[in-house]
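What follows is a single structure, written as structure tokens, with notes after it.
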Amino acid sequence: MLNRLKKIFSSDTTLLLFTGFVTSLLVAVLYIFQPSILQFVDYKIYDQFIRTSPIGKKTDIPVIVDIDDESLAELGQWPWPRYRMALLLAKIQQAGALATGLDILIGEPDRTSPGTIQKSLKKELGVDVNFKGLPKALMDNDKVLADVLRQGRFVLGFYFDFMEEEQIPNVNSQPCFVKPLPVAQIKTKDSPPLSALSLDAFNAICPLPILTKASPFCGFYNSITDFDGVVRRIPLIISWNGKQYPSLALATLMKASGRRNIIAKTSINGFESIRVGKTTIPVDAKGQMMVLYRGGGEEFKYYSARDVLSGKVGEEELKGKIIFIGTSAAGLRDLRVTPFASDYPGVEVHATIVDNILTKDFIIKPDWVPGLELLLVLAAGIAATVLLTWSRSLWMMLPIAVMGAAIVYGSLYIFREYHAYLTPMYSLIILALNLTMLTLIKFWREEGQKKFLQATFSSYLAPELIDEMFSNREMPELGGEARQITAYFTDIQSFSTFSEKLTATQLVELLNEYLSVMTDILIDEKGTLDKYEGDAIIAFFGAPMDVPDNALRGCRVAIAMQNANNELREKWSKETVSPEEPERNTKGFPEEQWAKGEKWPKVVHKMRTRIGVNTGEIVVGNMGSAMRMNYTMMGDSVNLAARLEEGAKQFGIFNAVSHFTLETEVEVDGRTCQVMDLVEARLIDNIQVVGKSEPVRIYELVAMKGDLTEKEKKLFELFNEARKEYVATNWDKAIELYEEANKYERFDDTKHTPSEVFKARAEKHKLSPPVPAGEEWDGVYRMTKK
């Protein structure tokens with residue numbers, strides 16, 4: 001039978017390893033092909049990374065001149081006459097701007113030019129209009145704008161069309177005089193030409209030829225969205241008719257810095273980088289730069305076009321700046337969806353790109369990143385498989401969660417510190433898949449094995465032993481082992497009084513509620529329930545699971561149970577029954593014992609629990625017979641815990657703990673200390689029980705460290721001082737201090753308090769000293785009977 005079990009368990013290992021490794025390979029294949037739905041999720045993870053990362057260094061050089069609602073309200077509706085645009089550009093040039101990029105397409109002749117109006121009136125109405133006093137040079141607004149463009153550092157914006165089947169002709173049906181960008185290509189031997197690597201446009205919508213001839217260095221303002229509609233990257237160059245053209249941001253920056261060409265480094269896989277001057281810009285295979293957004297909008301300085309034209313904004317604000325002209329006016333606003341916002345100003349995308357290049361603050365994805373990501377996927381899959389195969393799945397949830405957190409926060413750290421994005425998604429997928437699948441397989445196989453064991457052994461073994469046998473993969477045997485653990489006994493004070501006043505049903509109801517609350521506290525602290533004996537709870541800490549801080553846990557449970565007992569008493573004292581419910585006082589006790597309408601008699605309202613805790617070497621294991629056995633404990637230390645619980649009533653206390661427990665060393669926050677250092681306890685007595693030579697110091701456990709009330713602090717001070725005088729045989733002083741301490745005792749509803757017990761004992765010793773006069777007394781109270 002055991003051989004059959006071993007065969008079952010060994011075959012499980014093969015199945016789990018095979019499933020885990022195959023799942024890891026499948027996820028690796030998913031990573032290579034990256035289906036759209038997973039890429040969508042990965043985009044959202046990237047967006048979250050960029051939103052939660054520090055903004056980083058930012059320059060104040062990019063500035064936006066905004067044709068806003070105020071400008072239109074004061075200066076007239078859009079489109080403005082070209083002479084007004086000329087005035088705006090001239091003002092910016094005079095203020096000392098390094099360069100100005102127009103995020104506006106000027107593709108049609110100005111219909112407000114005096115010459116155009118003159119011709120229209122003549123043609124349509126037959127009216128001759130003469131503009132007396134108007135110089136001939138001002139008859140054509142487009143020519144006025146062209147003259148200004150010719151004299152300054154301006155970059156016009158234009159638009160590329162990528163729809164082959166819907167090629168849009170140039171709106172003015174004239175040649176597109178847009179100057180191509182000189183690009184020096186550093187390439188490997190097998191690298192294709194630039195036109196085969198970059199995005200390739202089918203047509204262009206260009207500014208008026210008169211304007212592009214005056215300012216031929218133009219830039220496209222296209223923004224390429226990912227399939228989810230979000231702008232995360234911008235192409236720095238696009239090919240058209242075999243030539244390359246710069247983006248508006250790149251062209252404006254080059255104009256400002258006086259650069260005439262760029263250097264593109266390429267390989268068979270595509271672009272590797274683009275260099276402008278001494279700055280190397282990391283790009284993807286298509287020559288697109290990842291935009292490191294600085295926030296949700298208006299991250300750069302905005303100036304109203306109205307204020308520039310009026311002179312309110314001038315040299316102080318614009319000198320040495322790179323200007324982008326855009327519009328935020330209602331109905332004209334150019335908006336983009338970015339990781340930060342769904343209404344991000346398009347003109348600010350250009351400013352952000354310039355800022356990224358000036359600060360050399362880039363989001364990078366080196367060539368080795370895909371290989372590292374794939375390696376992480378396989379490593380995470382293999383590690384999870386190995387851990388889950390040879391360990392219990394539930395125990396592995398925390399390590400798997402830690403691995404997942406390490407992957408996420410490691411990726412986030414690399415992104416924040418180095419702006420390199422390593423996707424954590426596929427590694428998380430393999431961790432989740434392996435955890436789920438291997439756990440399900442284990443559950444399925446283990447359920448079958450458990451049913452086999454139950455069918456085989458249930459006729460002569462307790463169900464709990466079958467569970468233990470299954471968990472340990474071994475047959476149960478009689479016998480035990482000695483361990484340093486903590487024994488724990490509880491009992492309800494004067495329980496027989498309860499039995500007299502309650503019916504059997506009421507007694508079961510009360511005990512079930514009480515035992516449920518107390519057992520939950522015990523289990524939460526990794527305690528092992530040995531048995532219930534009526535109202536008593538017998539338990540231990542440290543077996544079968546090894547719990548190094550079992551002594552501390554025993555103390556915590558004792559304090560928690562007393563607090564829970566107080567809450568139960570308060571709850572029971574407030575519980576009533578409605579007049580429609582049956583009378584609960586079926587035995588007819590008088591009003592002073594069971595008030596009318598109350599659910600419980602007054603004795604229940606005052607119920608208290610005595611607890612005894614002791615730590616020592618205890619034998620634990622399967623005890624009983626070959627046909628019926630229980631996992632339990634035995635030994636002198638167990639007996640002492642039981643005596644502490646029973647003897648607590650002699651002193652009028654409810655938590656009795658031995659010095660063995662309080663002097664046990666535990667590790668807390670990396671330091672070694674005694675349990676005594678972590679709790680509040682007062683020494684009650686030092687006794688020597690019958691048959692034992694070693695005295696036992698008994699303490700009353702009151703609270704966790706630092707939780708004493710002011711009254712309890714005063715009690716500890718007086719009681720400890722009285723104890724010193726008591727041991728020193730200064731009986732009168734001890735009696736006096738015990739009388740004073742009694743005023744601060746914790747319980748006033750007990751037959752006697754510790755202070756009263758020791759006051760009486762001091763008075764007795766005064767008459768009959770425990771040692772002859774002049775001899776030193778050890779303070780041990782030697783019991784003469786059990």
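Ordered as shown in the structure tokens, chains take letters A, B, and onward, while each chain numbers its residues from 1 and ligands are numbered from 1 in the order shown.
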
Interface rows for segment 251-325 of chain A against segment 362-385 of chain A: nearest pair, Å to one decimal, 7 Å, only C-alpha atoms, as JSON lines:
```
{"residue": "A:Pro282", "atom": "CA", "partner": "A:Ile364", "partner_atom": "CA", "distance": 6.1}
{"residue": "A:Met290", "atom": "CA", "partner": "A:Ile363", "partner_atom": "CA", "distance": 5.8}
{"residue": "A:Leu292", "atom": "CA", "partner": "A:Ile363", "partner_atom": "CA", "distance": 6.3}
```

Which of segment 409-621 of chain A counts as helix (DSSP H, G or I) under DSSP, as a ChimeraX atom specification please?
/A:409-418,425-457,463-472,495-501,504-524,550-574,602-605

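Between atom CA of Leu102 of chain A and atom CA of Leu250 of chain A the interatomic distance comes to 12.6 Å.
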
List as a PyMOL selection string the protein and nucleic acid residues near Thr19 of chain A, meaning an atom at most 12 Å away when only C-alpha atoms are counted, but skip any in the same chain fewer than 2 places from it.
chain A and resi 12-17+21-26+381-382+384-386+388-389+430+433-442

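Put simply, atom CA of Gly20 of chain A is 16.2 Å away from atom CA of Met403 of chain A.
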
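In terms of minimum interatomic distance to Phe158 of chain A, A:Cys206 ranks closest within A:Ile281, A:Cys206, A:Ala146, A:Ile186, counting only C-alpha atoms.
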
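Taking atom CA of Gly534 of chain A and atom CA of Lys596 of chain A as endpoints, the distance between them is 28.4 Å.
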
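Considering only C-alpha atoms, the residue among A:Glu583, A:Asp147, A:Glu700, A:Glu646 positioned nearest to Lys599 of chain A is A:Glu583.
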
Near Thr225 of chain A, counting only C-alpha atoms, which residues have an atom at most 12 Å away, once you skip same-chain residues fewer than 3 positions from it, shown as a ChimeraX atom specification?
/A:43,222,228-235,288,290-291,336-339

If you keep N, CA and C atoms, can you produce a file of those selected residues as a PDB file, in the first residue's frame?
```pdb
ATOM      1  N   TYR A  43       0.069  48.188 -22.989  1.00  0.00           N
ATOM      2  CA  TYR A  43       0.040  49.637 -23.146  1.00  0.00           C
ATOM      3  C   TYR A  43      -0.471  50.314 -21.877  1.00  0.00           C
ATOM      4  N   ASN A 222       2.059  65.541 -37.919  1.00  0.00           N
ATOM      5  CA  ASN A 222       1.354  64.274 -37.685  1.00  0.00           C
ATOM      6  C   ASN A 222       1.739  63.680 -36.337  1.00  0.00           C
ATOM      7  N   ASP A 228      -4.899  51.638 -29.785  1.00  0.00           N
ATOM      8  CA  ASP A 228      -5.908  52.017 -28.796  1.00  0.00           C
ATOM      9  C   ASP A 228      -6.186  53.512 -28.795  1.00  0.00           C
ATOM     10  N   GLY A 229      -5.609  54.235 -29.782  1.00  0.00           N
ATOM     11  CA  GLY A 229      -5.905  55.652 -29.932  1.00  0.00           C
ATOM     12  C   GLY A 229      -5.055  56.585 -29.102  1.00  0.00           C
ATOM     13  N   VAL A 230      -4.021  56.081 -28.437  1.00  0.00           N
ATOM     14  CA  VAL A 230      -3.193  56.892 -27.551  1.00  0.00           C
ATOM     15  C   VAL A 230      -1.881  57.246 -28.259  1.00  0.00           C
ATOM     16  N   VAL A 231      -1.469  58.504 -28.104  1.00  0.00           N
ATOM     17  CA  VAL A 231      -0.204  58.962 -28.689  1.00  0.00           C
ATOM     18  C   VAL A 231       0.913  58.718 -27.682  1.00  0.00           C
ATOM     19  N   ARG A 232       1.737  57.724 -27.959  1.00  0.00           N
ATOM     20  CA  ARG A 232       2.862  57.416 -27.072  1.00  0.00           C
ATOM     21  C   ARG A 232       4.203  57.674 -27.757  1.00  0.00           C
ATOM     22  N   ARG A 233       4.192  57.717 -29.087  1.00  0.00           N
ATOM     23  CA  ARG A 233       5.438  57.896 -29.837  1.00  0.00           C
ATOM     24  C   ARG A 233       5.151  58.832 -31.021  1.00  0.00           C
ATOM     25  N   ILE A 234       6.169  59.540 -31.442  1.00  0.00           N
ATOM     26  CA  ILE A 234       6.060  60.475 -32.560  1.00  0.00           C
ATOM     27  C   ILE A 234       7.190  60.175 -33.534  1.00  0.00           C
ATOM     28  N   PRO A 235       6.886  60.023 -34.854  1.00  0.00           N
ATOM     29  CA  PRO A 235       7.978  59.843 -35.827  1.00  0.00           C
ATOM     30  C   PRO A 235       8.775  61.135 -35.958  1.00  0.00           C
ATOM     31  N   GLN A 288      10.606  56.290 -34.682  1.00  0.00           N
ATOM     32  CA  GLN A 288       9.676  56.987 -33.796  1.00  0.00           C
ATOM     33  C   GLN A 288      10.260  57.111 -32.395  1.00  0.00           C
ATOM     34  N   MET A 290       9.736  57.659 -28.375  1.00  0.00           N
ATOM     35  CA  MET A 290       8.770  57.577 -27.284  1.00  0.00           C
ATOM     36  C   MET A 290       8.743  58.912 -26.551  1.00  0.00           C
ATOM     37  N   VAL A 291       7.553  59.450 -26.343  1.00  0.00           N
ATOM     38  CA  VAL A 291       7.414  60.772 -25.715  1.00  0.00           C
ATOM     39  C   VAL A 291       7.349  60.609 -24.203  1.00  0.00           C
ATOM     40  N   ARG A 336      -5.165  65.605 -28.272  1.00  0.00           N
ATOM     41  CA  ARG A 336      -4.637  64.262 -28.432  1.00  0.00           C
ATOM     42  C   ARG A 336      -4.931  63.447 -27.180  1.00  0.00           C
ATOM     43  N   VAL A 337      -5.006  62.143 -27.357  1.00  0.00           N
ATOM     44  CA  VAL A 337      -5.130  61.227 -26.216  1.00  0.00           C
ATOM     45  C   VAL A 337      -3.722  60.750 -25.865  1.00  0.00           C
ATOM     46  N   THR A 338      -3.317  60.973 -24.619  1.00  0.00           N
ATOM     47  CA  THR A 338      -1.989  60.568 -24.157  1.00  0.00           C
ATOM     48  C   THR A 338      -2.154  59.707 -22.904  1.00  0.00           C
ATOM     49  N   PRO A 339      -1.067  59.114 -22.412  1.00  0.00           N
ATOM     50  CA  PRO A 339      -1.185  58.338 -21.174  1.00  0.00           C
ATOM     51  C   PRO A 339      -1.709  59.146 -19.991  1.00  0.00           C
TER      52      PRO A 339
END
```
